[in-house]
file structure-v7.csv (CSV, C-alpha atoms)
chain,number,residue,atom,x,y,z
A,1,MET,CA,-34.7,-47.2,63.5
A,2,ALA,CA,-32.7,-47.9,60.3
A,3,ALA,CA,-31.3,-51.4,60.0
A,4,THR,CA,-27.6,-51.8,60.1
A,5,THR,CA,-25.8,-54.1,57.8
A,6,GLU,CA,-23.1,-56.2,59.5
A,7,LEU,CA,-19.7,-55.9,57.8
A,8,ARG,CA,-18.1,-59.0,56.4
A,9,ARG,CA,-14.7,-60.1,57.6
A,10,THR,CA,-12.0,-62.1,56.0
A,11,ALA,CA,-10.4,-65.1,57.7
A,12,LEU,CA,-7.5,-62.8,58.6
A,13,PHE,CA,-9.5,-60.3,60.6
A,14,ASP,CA,-8.2,-61.3,64.0
A,15,ALA,CA,-4.6,-61.3,62.7
A,16,HIS,CA,-5.0,-57.7,61.4
A,17,VAL,CA,-6.4,-56.6,64.8
A,18,SER,CA,-3.5,-58.3,66.7
A,19,LEU,CA,-1.1,-56.4,64.5
A,20,GLY,CA,-2.7,-53.1,65.4
A,21,ALA,CA,-4.5,-52.4,62.1
A,22,LYS,CA,-7.0,-49.6,61.8
A,23,MET,CA,-10.1,-51.3,60.3
A,24,VAL,CA,-12.5,-49.5,58.0
A,25,ASP,CA,-15.6,-50.3,55.9
A,26,PHE,CA,-14.7,-51.1,52.3
A,27,HIS,CA,-17.7,-52.0,50.2
A,28,GLY,CA,-19.2,-53.9,53.1
A,29,TRP,CA,-16.0,-55.5,54.2
A,30,GLU,CA,-14.1,-54.6,57.4
A,31,LEU,CA,-10.5,-54.3,56.2
A,32,PRO,CA,-7.3,-52.7,57.4
A,33,ILE,CA,-6.6,-49.2,55.9
A,34,GLN,CA,-3.2,-49.1,57.6
A,35,TYR,CA,-1.1,-50.7,60.4
A,36,GLU,CA,1.7,-48.2,61.3
A,37,SER,CA,1.3,-45.6,58.6
A,38,ILE,CA,0.3,-45.3,55.0
A,39,LEU,CA,3.6,-43.6,54.1
A,40,LYS,CA,5.7,-46.3,55.7
A,41,GLU,CA,3.7,-49.1,54.1
A,42,HIS,CA,3.9,-47.4,50.7
A,43,ALA,CA,7.7,-47.1,51.1
A,44,ALA,CA,8.0,-50.7,52.1
A,45,VAL,CA,6.3,-51.9,48.9
A,46,ARG,CA,8.4,-49.6,46.7
A,47,SER,CA,11.7,-50.5,48.3
A,48,LEU,CA,11.3,-54.0,49.9
A,49,CYS,CA,8.0,-55.8,50.1
A,50,GLY,CA,4.5,-55.5,51.6
A,51,LEU,CA,1.8,-58.1,52.3
A,52,PHE,CA,-1.9,-57.3,51.6
A,53,ASP,CA,-5.0,-59.3,52.6
A,54,VAL,CA,-7.1,-59.2,49.4
A,55,SER,CA,-9.5,-62.0,50.4
A,56,HIS,CA,-12.5,-59.7,49.7
A,57,MET,CA,-11.8,-60.1,46.0
A,58,GLY,CA,-14.1,-62.6,44.2
A,59,GLN,CA,-13.2,-65.7,42.3
A,60,VAL,CA,-15.1,-67.4,39.5
A,61,VAL,CA,-14.2,-70.6,37.8
A,62,ALA,CA,-15.3,-71.1,34.2
A,63,GLN,CA,-14.8,-74.6,32.7
A,64,GLY,CA,-16.2,-76.7,29.9
A,65,ARG,CA,-16.1,-77.0,26.1
A,66,ASP,CA,-17.4,-73.4,25.6
A,67,ALA,CA,-15.5,-71.7,28.5
A,68,LEU,CA,-13.2,-69.9,26.1
A,69,LYS,CA,-16.1,-69.0,23.8
A,70,LEU,CA,-17.9,-67.4,26.8
A,71,LEU,CA,-14.8,-65.4,27.9
A,72,GLN,CA,-14.1,-64.2,24.3
A,73,LYS,CA,-17.7,-63.0,24.1
A,74,THR,CA,-17.6,-61.2,27.4
A,75,ASN,CA,-14.1,-59.7,27.4
A,76,THR,CA,-12.5,-56.9,25.4
A,77,ASN,CA,-9.1,-58.6,25.6
A,78,ASP,CA,-8.2,-61.7,23.5
A,79,ILE,CA,-8.5,-64.5,26.0
A,80,SER,CA,-7.4,-67.1,23.3
A,81,LYS,CA,-3.8,-65.6,23.7
A,82,ILE,CA,-3.3,-67.2,27.1
A,83,ARG,CA,-2.4,-70.9,27.4
A,84,PRO,CA,-2.3,-72.9,30.6
A,85,GLY,CA,0.0,-71.2,33.1
A,86,LYS,CA,-0.7,-67.7,31.9
A,87,ALA,CA,-2.9,-64.8,33.1
A,88,ILE,CA,-4.3,-61.7,31.4
A,89,TYR,CA,-5.9,-58.4,32.5
A,90,SER,CA,-9.2,-57.6,30.8
A,91,HIS,CA,-12.4,-55.6,30.9
A,92,LEU,CA,-16.0,-57.1,30.8
A,93,PRO,CA,-17.9,-54.7,28.5
A,94,ASN,CA,-21.7,-54.2,28.5
A,95,GLU,CA,-23.9,-53.6,25.4
A,96,ARG,CA,-23.2,-49.8,25.6
A,97,GLY,CA,-19.4,-50.4,25.7
A,98,GLY,CA,-19.2,-49.5,29.4
A,99,VAL,CA,-17.3,-51.6,31.8
A,100,VAL,CA,-19.1,-54.2,34.0
A,101,ASP,CA,-15.8,-54.9,35.8
A,102,ASP,CA,-12.1,-55.2,35.2
A,103,VAL,CA,-10.7,-58.7,35.9
A,104,ILE,CA,-7.7,-60.9,35.8
A,105,ILE,CA,-8.2,-64.2,34.1
A,106,SER,CA,-5.8,-67.2,34.5
A,107,CYS,CA,-5.8,-70.2,32.3
A,108,LEU,CA,-5.3,-73.2,34.6
A,109,GLY,CA,-5.8,-75.9,31.9
A,110,PRO,CA,-7.6,-76.7,28.7
A,111,GLU,CA,-11.1,-75.5,29.0
A,112,ARG,CA,-10.6,-74.2,32.6
A,113,TYR,CA,-10.2,-70.6,33.6
A,114,PHE,CA,-10.0,-68.8,36.9
A,115,VAL,CA,-11.4,-65.2,37.0
A,116,VAL,CA,-10.6,-62.8,39.8
A,117,VAL,CA,-13.2,-60.0,40.1
A,118,ASN,CA,-13.7,-57.0,42.3
A,119,ALA,CA,-15.3,-57.4,45.7
A,120,ALA,CA,-18.0,-54.7,45.1
A,121,THR,CA,-19.1,-56.3,41.8
A,122,ARG,CA,-18.8,-60.0,42.6
A,123,GLU,CA,-22.5,-60.8,42.5
A,124,LYS,CA,-23.1,-58.5,39.6
A,125,ASP,CA,-20.3,-60.1,37.6
A,126,PHE,CA,-21.4,-63.6,38.3
A,127,ARG,CA,-25.0,-62.8,37.2
A,128,TRP,CA,-23.7,-61.2,34.1
A,129,LEU,CA,-21.5,-64.1,33.1
A,130,ARG,CA,-24.2,-66.6,33.9
A,131,ARG,CA,-26.7,-64.7,31.7
A,132,GLN,CA,-24.2,-64.6,28.8
A,133,ALA,CA,-23.5,-68.3,29.3
A,134,GLU,CA,-27.0,-69.4,28.4
A,135,GLY,CA,-27.0,-72.0,25.7
A,136,LEU,CA,-23.3,-72.6,26.0
A,137,ASP,CA,-21.6,-75.7,27.3
A,138,VAL,CA,-19.8,-74.1,30.3
A,139,GLU,CA,-20.0,-74.5,34.0
A,140,LEU,CA,-19.6,-71.4,36.2
A,141,LYS,CA,-18.8,-71.6,39.9
A,142,ASP,CA,-18.6,-68.7,42.3
A,143,GLU,CA,-15.7,-69.8,44.6
A,144,SER,CA,-15.4,-66.5,46.5
A,145,ASP,CA,-16.5,-67.8,49.9
A,146,TYR,CA,-14.0,-70.7,49.6
A,147,TYR,CA,-10.8,-68.8,48.8
A,148,GLY,CA,-8.8,-66.2,50.6
A,149,MET,CA,-6.0,-64.2,48.8
A,150,ILE,CA,-2.7,-62.7,49.9
A,151,ALA,CA,-0.8,-60.3,47.7
A,152,VAL,CA,3.0,-60.2,48.2
A,153,GLN,CA,4.2,-57.0,46.5
A,154,GLY,CA,7.6,-55.3,46.0
A,155,PRO,CA,11.1,-55.8,44.7
A,156,LYS,CA,11.9,-58.4,47.3
A,157,ALA,CA,8.7,-60.4,46.7
A,158,GLU,CA,10.5,-63.0,44.6
A,159,GLN,CA,13.1,-63.5,47.3
A,160,ILE,CA,10.4,-64.2,49.9
A,161,VAL,CA,8.4,-66.5,47.7
A,162,ALA,CA,11.4,-68.5,46.5
A,163,THR,CA,12.2,-69.8,50.0
A,164,ASP,CA,9.3,-72.2,50.1
A,165,PHE,CA,7.9,-71.9,46.5
A,166,PRO,CA,10.8,-71.9,44.0
A,167,GLN,CA,8.5,-72.9,41.2
A,168,ALA,CA,6.2,-69.9,41.9
A,169,ALA,CA,9.3,-67.6,42.0
A,170,ALA,CA,10.2,-68.8,38.5
A,171,LEU,CA,6.8,-67.7,37.1
A,172,PRO,CA,7.0,-65.1,34.4
A,173,ARG,CA,5.1,-61.8,34.8
A,174,PHE,CA,1.4,-62.7,34.5
A,175,GLY,CA,2.1,-66.3,35.1
A,176,ALA,CA,-0.2,-68.7,37.0
A,177,MET,CA,0.2,-72.1,38.5
A,178,GLU,CA,-1.7,-74.6,40.6
A,179,CYS,CA,0.1,-76.2,43.5
A,180,ARG,CA,-0.5,-77.7,47.0
A,181,ILE,CA,0.2,-75.4,50.0
A,182,PHE,CA,0.0,-77.2,53.4
A,183,ASP,CA,-1.4,-80.1,51.4
A,184,GLN,CA,-4.4,-78.1,50.1
A,185,PRO,CA,-5.0,-77.3,46.4
A,186,SER,CA,-4.1,-73.7,45.8
A,187,ILE,CA,-3.2,-71.2,43.1
A,188,ILE,CA,-0.3,-68.7,42.8
A,189,THR,CA,-0.2,-65.9,40.2
A,190,ARG,CA,2.3,-63.3,39.5
A,191,THR,CA,0.4,-60.1,38.6
A,192,GLY,CA,-0.1,-57.3,41.2
A,193,TYR,CA,-1.9,-54.0,41.7
A,194,THR,CA,0.9,-51.8,43.0
A,195,GLY,CA,3.3,-51.3,40.0
A,196,GLU,CA,5.8,-53.6,41.6
A,197,ASP,CA,6.7,-57.2,41.1
A,198,GLY,CA,4.4,-59.4,43.1
A,199,PHE,CA,2.5,-62.7,43.7
A,200,GLU,CA,-1.0,-63.6,44.8
A,201,PHE,CA,-1.5,-66.7,47.0
A,202,ILE,CA,-5.1,-67.9,46.4
A,203,VAL,CA,-5.7,-70.6,49.1
A,204,PRO,CA,-8.6,-72.1,51.0
A,205,ASN,CA,-9.8,-69.9,53.8
A,206,GLU,CA,-9.2,-72.7,56.4
A,207,MET,CA,-5.5,-72.4,55.9
A,208,ILE,CA,-4.9,-68.8,54.9
A,209,LEU,CA,-3.8,-67.7,58.4
A,210,ARG,CA,-0.9,-70.3,58.2
A,211,VAL,CA,0.1,-68.9,54.8
A,212,TRP,CA,-0.1,-65.3,56.1
A,213,ASP,CA,2.0,-66.0,59.2
A,214,ASN,CA,4.5,-68.0,57.2
A,215,LEU,CA,5.0,-65.2,54.5
A,216,LEU,CA,5.0,-62.4,57.1
A,217,THR,CA,7.6,-64.2,59.2
A,218,LYS,CA,9.9,-64.7,56.2
A,219,GLY,CA,9.3,-61.2,54.9
A,220,ARG,CA,10.1,-59.5,58.2
A,221,SER,CA,13.6,-60.7,58.1
A,222,ILE,CA,14.2,-58.5,55.0
A,223,GLY,CA,12.0,-55.6,56.2
A,224,ALA,CA,8.7,-56.5,54.7
A,225,ALA,CA,5.5,-55.1,56.3
A,226,PRO,CA,1.8,-55.8,56.5
A,227,CYS,CA,0.0,-53.2,54.4
A,228,GLY,CA,-3.5,-51.8,54.2
A,229,LEU,CA,-5.9,-50.3,51.7
A,230,GLY,CA,-4.4,-46.8,52.2
A,231,SER,CA,-1.0,-47.6,50.7
A,232,ARG,CA,-2.7,-49.9,48.1
A,233,ASP,CA,-4.6,-46.9,46.8
A,234,THR,CA,-1.5,-44.6,46.6
A,235,LEU,CA,0.6,-47.4,45.0
A,236,ARG,CA,-2.0,-48.3,42.3
A,237,LEU,CA,-2.7,-44.7,41.4
A,238,GLU,CA,1.1,-44.0,40.9
A,239,ALA,CA,1.2,-47.1,38.7
A,240,GLY,CA,-1.8,-46.1,36.6
A,241,TYR,CA,-4.1,-48.9,37.7
A,242,LEU,CA,-7.8,-48.3,37.6
A,243,LEU,CA,-10.2,-48.5,40.6
A,244,TYR,CA,-13.6,-49.8,39.7
A,245,GLY,CA,-16.4,-47.5,40.7
A,246,GLN,CA,-14.2,-44.5,40.6
A,247,ASP,CA,-12.1,-44.6,37.4
A,248,ILE,CA,-14.3,-47.0,35.4
A,249,ASP,CA,-17.9,-48.1,35.6
A,250,ASP,CA,-20.8,-49.1,33.5
A,251,GLU,CA,-21.0,-45.6,31.9
A,252,HIS,CA,-17.4,-45.2,30.7
A,253,THR,CA,-15.8,-47.3,28.0
A,254,SER,CA,-12.3,-48.9,28.1
A,255,LEU,CA,-11.2,-46.4,25.4
A,256,GLU,CA,-12.4,-43.4,27.4
A,257,ALA,CA,-10.5,-44.8,30.4
A,258,ASN,CA,-7.4,-44.6,28.3
A,259,TYR,CA,-7.0,-48.4,28.3
A,260,GLY,CA,-7.3,-49.0,24.6
A,261,TRP,CA,-4.5,-51.6,24.8
A,262,VAL,CA,-7.0,-53.9,26.5
A,263,VAL,CA,-9.5,-53.7,23.6
A,264,LYS,CA,-8.7,-56.2,20.8
A,265,LEU,CA,-11.2,-55.2,18.1
A,266,ASP,CA,-9.7,-57.7,15.6
A,267,LYS,CA,-10.3,-60.8,17.7
A,268,GLY,CA,-13.9,-61.2,16.5
A,269,PRO,CA,-17.3,-60.5,17.9
A,270,PHE,CA,-17.7,-59.6,21.6
A,271,ILE,CA,-20.2,-57.6,23.6
A,272,GLY,CA,-20.0,-53.8,23.0
A,273,ARG,CA,-17.6,-54.2,20.1
A,274,ASP,CA,-19.6,-52.1,17.6
A,275,ILE,CA,-19.8,-49.2,20.1
A,276,LEU,CA,-16.0,-49.4,20.8
A,277,LEU,CA,-15.2,-49.6,17.1
A,278,LYS,CA,-17.3,-46.4,16.4
A,279,GLN,CA,-15.6,-44.7,19.3
A,280,ARG,CA,-12.2,-45.5,18.0
A,281,GLU,CA,-13.0,-44.4,14.5
A,282,GLY,CA,-14.9,-41.3,15.4
A,283,GLY,CA,-12.7,-40.1,18.3
A,284,LEU,CA,-13.3,-39.6,22.0
A,285,LYS,CA,-15.3,-36.8,23.5
A,286,ARG,CA,-13.8,-37.5,26.9
A,287,ARG,CA,-10.7,-39.3,28.2
A,288,LEU,CA,-9.4,-40.4,31.6
A,289,THR,CA,-6.3,-38.1,31.8
A,290,GLY,CA,-3.4,-37.9,34.2
A,291,VAL,CA,-3.0,-34.7,36.1
A,292,ALA,CA,0.0,-33.6,38.3
A,293,LEU,CA,0.1,-30.5,40.5
A,294,GLN,CA,2.9,-28.0,40.0
A,295,GLU,CA,2.6,-26.6,43.5
A,296,ARG,CA,2.0,-28.0,46.9
A,297,GLY,CA,-1.5,-29.4,47.5
A,298,VAL,CA,-3.4,-32.6,48.1
A,299,PRO,CA,-6.0,-33.2,45.4
A,300,ARG,CA,-9.0,-35.4,46.1
A,301,PRO,CA,-11.7,-37.1,44.0
A,302,GLY,CA,-14.2,-34.6,42.8
A,303,CYS,CA,-11.8,-31.7,42.5
A,304,ARG,CA,-12.7,-29.6,39.4
A,305,VAL,CA,-10.2,-29.3,36.6
A,306,PHE,CA,-9.8,-26.2,34.4
A,307,HIS,CA,-8.0,-25.4,31.1
A,308,GLN,CA,-7.5,-21.8,30.0
A,309,GLY,CA,-10.1,-20.7,32.6
A,310,ARG,CA,-12.8,-23.2,31.4
A,311,GLU,CA,-14.0,-26.2,33.5
A,312,ILE,CA,-13.3,-29.4,31.6
A,313,GLY,CA,-13.9,-32.1,34.1
A,314,SER,CA,-13.2,-33.4,37.6
A,315,LEU,CA,-10.8,-35.8,39.2
A,316,ALA,CA,-12.0,-39.4,39.7
A,317,SER,CA,-9.0,-40.6,41.7
A,318,ALA,CA,-6.5,-38.3,43.3
A,319,THR,CA,-4.0,-38.2,46.2
A,320,PHE,CA,-0.6,-37.1,47.3
A,321,SER,CA,2.1,-39.3,45.7
A,322,PRO,CA,4.6,-40.4,48.4
A,323,THR,CA,7.1,-41.6,45.7
A,324,LEU,CA,6.9,-38.4,43.5
A,325,GLN,CA,6.2,-36.0,46.4
A,326,LYS,CA,3.4,-34.2,44.6
A,327,GLY,CA,-0.3,-34.3,44.1
A,328,ILE,CA,-1.5,-36.6,41.3
A,329,GLY,CA,-4.8,-37.7,39.9
A,330,VAL,CA,-6.9,-38.9,37.0
A,331,GLY,CA,-10.1,-37.5,35.7
A,332,TYR,CA,-12.4,-37.6,32.7
A,333,LEU,CA,-11.6,-34.4,30.7
A,334,SER,CA,-13.8,-33.1,27.9
A,335,GLN,CA,-10.7,-32.2,25.9
A,336,ALA,CA,-9.6,-35.7,25.1
A,337,ASP,CA,-6.6,-34.6,22.9
A,338,LEU,CA,-4.6,-32.6,25.5
A,339,ALA,CA,-1.0,-33.5,25.3
A,340,ALA,CA,1.3,-34.3,28.3
A,341,GLY,CA,2.6,-31.0,29.7
A,342,ALA,CA,-0.5,-29.0,28.8
A,343,ALA,CA,-1.3,-26.4,31.5
A,344,LEU,CA,-4.3,-27.0,33.8
A,345,GLU,CA,-5.6,-25.8,37.1
A,346,VAL,CA,-7.1,-28.0,39.9
A,347,GLU,CA,-9.5,-26.4,42.4
A,348,ILE,CA,-8.7,-27.5,45.9
A,349,HIS,CA,-10.7,-25.9,48.8
A,350,GLY,CA,-11.7,-23.0,46.5
A,351,ARG,CA,-8.1,-22.3,45.4
A,352,LYS,CA,-7.0,-23.0,41.8
A,353,VAL,CA,-3.6,-24.8,41.9
A,354,PRO,CA,-1.4,-24.9,38.8
A,355,ALA,CA,-1.2,-28.3,37.3
A,356,GLN,CA,-0.4,-30.0,34.0
A,357,VAL,CA,-1.4,-33.1,32.0
A,358,SER,CA,0.8,-36.0,32.9
A,359,ALA,CA,1.5,-39.3,31.2
A,360,VAL,CA,0.1,-42.3,33.0
A,361,PRO,CA,1.5,-44.3,34.7
A,362,PHE,CA,3.0,-41.6,36.8
A,363,TYR,CA,5.7,-44.0,38.1
A,364,VAL,CA,7.3,-47.1,36.6
A,365,SER,CA,9.2,-49.3,39.0
A,366,PRO,CA,12.9,-49.9,38.0
A,367,SER,CA,12.3,-53.5,38.8
A,368,LEU,CA,9.6,-53.7,36.1
A,369,SER,CA,10.9,-51.1,33.6
A,370,SER,CA,12.4,-53.9,31.5
A,371,ARG,CA,9.2,-55.9,31.6
A,372,LYS,CA,5.7,-55.3,30.2
A,373,HIS,CA,3.8,-53.0,32.5
A,374,HIS,CA,0.6,-54.9,31.9
A,375,ALA,CA,-0.2,-58.2,30.3

call {"tool": "encode", "arguments": {"input": "structure-v7.csv", "output": "C-alpha cells"}}
result
Amino acid sequence: MAATTELRRTALFDAHVSLGAKMVDFHGWELPIQYESILKEHAAVRSLCGLFDVSHMGQVVAQGRDALKLLQKTNTNDISKIRPGKAIYSHLPNERGGVVDDVIISCLGPERYFVVVNAATREKDFRWLRRQAEGLDVELKDESDYYGMIAVQGPKAEQIVATDFPQAAALPRFGAMECRIFDQPSIITRTGYTGEDGFEFIVPNEMILRVWDNLLTKGRSIGAAPCGLGSRDTLRLEAGYLLYGQDIDDEHTSLEANYGWVVKLDKGPFIGRDILLKQREGGLKRRLTGVALQERGVPRPGCRVFHQGREIGSLASATFSPTLQKGIGVGYLSQADLAAGAALEVEIHGRKVPAQVSAVPFYVSPSLSSRKHHA
C-alpha cells in the first residue's frame, strides 16, 4: 500500500472550514480554493477588497555585515536600491540563468532583510541561499513555521487597514514596516499579487486568527470577502504576475519570461549574469507571450499554440478572465518577436480557436494605473 503524505494546514484552517471554504491540496498544503464562488471573489478584489490566507508562503531572514552582498550575488534585481522601509520584487537565478524562485525582499533595517519565498520552493530556496552564503558574514534564518500571512487586496484595502493601522495605510507601493500587532512584533508590507492595491500582514501564527477576524469584520462592512486560490490565480494572470513552477522555473530565464525589467546587468556580478548578458545581446529563441482568444472558449495550461498553421508552443498558464470576459493565457512561443495583435490559434479540445498576441499585463487596475505596476 502506498504511503500517504499528510497535508499541512495553516493556523487559519478551522476558520476557513467554518466559513464554508472548499479545501484543496496546493503543493502539500490544504488551502481554500473558494468560499462562495471564484467569480464573486474575483469581483470583490477588483471592485472592493478580498482577504487571502497566504500563510503557506515561506519567510527567510538575512542579517549581518554581508547580508546585502549575499542578496546582490543571488538576485537579478539591484537590492542595494532598497533602503529600510522599502521592498523589491526579484528573481533568484541559477548558474544557467534559470530561476530558482521569484521573491519579494523587504529591507527592515541596516544589514537586515526579510525574504518572502514561494511555498513549494521554501526548502530549496533556503538550501540555495545557505550554500551561496558560505564564507560570508551573514546569518540566515528560516522563519516560515513562525509566521502566518494575510493579504488584504483591492481598491478598498487602504480604507480597511487605516482603521487600526494608519501608519501602514500611509506606506507607499512596495513599502514595508515593522510594528506591534496585539503586542507582538509583526511586519506589514504593501505589495500584492492581484494587480490591485494591497497589504500583507506577516504576524506570529499564535495571533493570526485574531488578525484575520479583525480584518474580516472591518472589511465586511464595506463588502470585502474571504478569497481562495481560485480567484488568486485569475487575478494574478490578468495582472501579468508569474506563477512559479508553471510560468518560470529552473529551466527558463527571467528574460525568456519577459521579465527583463527585473534583471539589472549593470549592478555588478551575480549568479547567471554572463548567461543573461549573452541572451540579451544575442536575442531570445523563446519568450513567454500573452495570448487572448478572439472567440468564446476557456484555454487551459498545455493548450497548443499555432501561428500560420505551425505549432510554436503551448500555454503555461491560461484561464477565462472574469474582468475581460475572454480566454487569456501565457506561453513560451518559439517566435519570440511576435508583436501584439499577431494572429494565432489555440487548440482547445481538438478545435483551433482564433487568438492573437496580447500585451501583458492583460489588465491594469485604475487604482494603480498612476503608480508603478511592479517595484

call {"tool": "closest_residue", "arguments": {"input": "structure-v7.csv", "among": "A:Leu136, A:Ala87, A:Ile150, A:Ala169", "to": "Asn205 of chain A", "atoms": "all atoms listed in the file"}}
result
A:Ile150

call {"tool": "residues_around", "arguments": {"input": "structure-v7.csv", "residues": "Ser221 of chain A", "least_positions_apart": "6", "cutoff": "12 Å", "atoms": "all atoms listed in the file", "output": "PyMOL selection string"}}
result
chain A and resi 48-49+156+159-160+214-215

call {"tool": "closest_residue", "arguments": {"input": "structure-v7.csv", "among": "A:Glu311, A:Glu134, A:Asp247, A:Asp266", "to": "Gly290 of chain A", "atoms": "only C-alpha atoms"}}
result
A:Asp247

call {"tool": "residues_around", "arguments": {"input": "structure-v7.csv", "residues": "segment 316-328 of chain A", "least_positions_apart": "4", "cutoff": "9 Å", "atoms": "only C-alpha atoms", "output": "JSON, numbers by chain"}}
result
{"A": [39, 42, 43, 46, 233, 234, 235, 237, 238, 242, 243, 246, 247, 288, 290, 291, 292, 293, 294, 295, 296, 297, 298, 299, 300, 301, 302, 303, 332, 358, 362, 363]}

call {"tool": "closest_residue", "arguments": {"input": "structure-v7.csv", "among": "A:Pro172, A:Leu229, A:Val61, A:Val116", "to": "Trp29 of chain A", "atoms": "all atoms listed in the file"}}
result
A:Leu229

call {"tool": "residues_around", "arguments": {"input": "structure-v7.csv", "residues": "Glu281 of chain A", "least_positions_apart": "6", "cutoff": "12 Å", "atoms": "all atoms listed in the file", "output": "list in words"}}
result
Leu255, Leu265, Asp274 and Ile275 of chain A

call {"tool": "atom_distance", "arguments": {"input": "structure-v7.csv", "atom1": "atom CA of Asp66 of chain A", "atom2": "atom CA of Val115 of chain A"}}
result
15.3 Å

call {"tool": "residues_around", "arguments": {"input": "structure-v7.csv", "residues": "Ala119 of chain A", "least_positions_apart": "2", "cutoff": "10 Å", "atoms": "all atoms listed in the file", "output": "PyMOL selection string"}}
result
chain A and resi 26-29+54-59+116-117+121-125+144+244

call {"tool": "atom_distance", "arguments": {"input": "structure-v7.csv", "atom1": "atom CA of Gly341 of chain A", "atom2": "atom CA of Gln308 of chain A"}}
result
13.7 Å

call {"tool": "closest_residue", "arguments": {"input": "structure-v7.csv", "among": "A:Ile181, A:Ala11, A:Val305, A:Val152", "to": "Val346 of chain A", "atoms": "only C-alpha atoms"}}
result
A:Val305

call {"tool": "atom_distance", "arguments": {"input": "structure-v7.csv", "atom1": "atom CA of Leu338 of chain A", "atom2": "atom CA of Thr289 of chain A"}}
result
8.5 Å

call {"tool": "closest_residue", "arguments": {"input": "structure-v7.csv", "among": "A:Tyr89, A:Tyr147, A:Phe114, A:Phe270", "to": "Thr10 of chain A", "atoms": "all atoms listed in the file"}}
result
A:Tyr147

call {"tool": "closest_residue", "arguments": {"input": "structure-v7.csv", "among": "A:Glu345, A:Glu256, A:Asp337, A:Glu196", "to": "Ser314 of chain A", "atoms": "all atoms listed in the file"}}
result
A:Glu345

call {"tool": "residues_around", "arguments": {"input": "structure-v7.csv", "residues": "Phe165 of chain A", "least_positions_apart": "3", "cutoff": "12 Å", "atoms": "only C-alpha atoms", "output": "short mmCIF file (atom, residue, chain, number, x, y, z; two decimals) with C-alpha atoms, keeping the file's coordinate frame"}}
result
data_model
loop_
_atom_site.label_atom_id
_atom_site.label_comp_id
_atom_site.auth_asym_id
_atom_site.auth_seq_id
_atom_site.Cartn_x
_atom_site.Cartn_y
_atom_site.Cartn_z
CA ALA A 157 8.70 -60.40 46.70
CA GLU A 158 10.50 -63.00 44.60
CA GLN A 159 13.10 -63.50 47.30
CA ILE A 160 10.40 -64.20 49.90
CA VAL A 161 8.40 -66.50 47.70
CA ALA A 162 11.40 -68.50 46.50
CA ALA A 168 6.20 -69.90 41.90
CA ALA A 169 9.30 -67.60 42.00
CA ALA A 170 10.20 -68.80 38.50
CA LEU A 171 6.80 -67.70 37.10
CA MET A 177 0.20 -72.10 38.50
CA GLU A 178 -1.70 -74.60 40.60
CA CYS A 179 0.10 -76.20 43.50
CA ARG A 180 -0.50 -77.70 47.00
CA ILE A 181 0.20 -75.40 50.00
CA PHE A 182 0.00 -77.20 53.40
CA ILE A 187 -3.20 -71.20 43.10
CA ILE A 188 -0.30 -68.70 42.80
CA THR A 189 -0.20 -65.90 40.20
CA PHE A 199 2.50 -62.70 43.70
CA PHE A 201 -1.50 -66.70 47.00
CA VAL A 211 0.10 -68.90 54.80
CA ASN A 214 4.50 -68.00 57.20
CA LEU A 215 5.00 -65.20 54.50
#
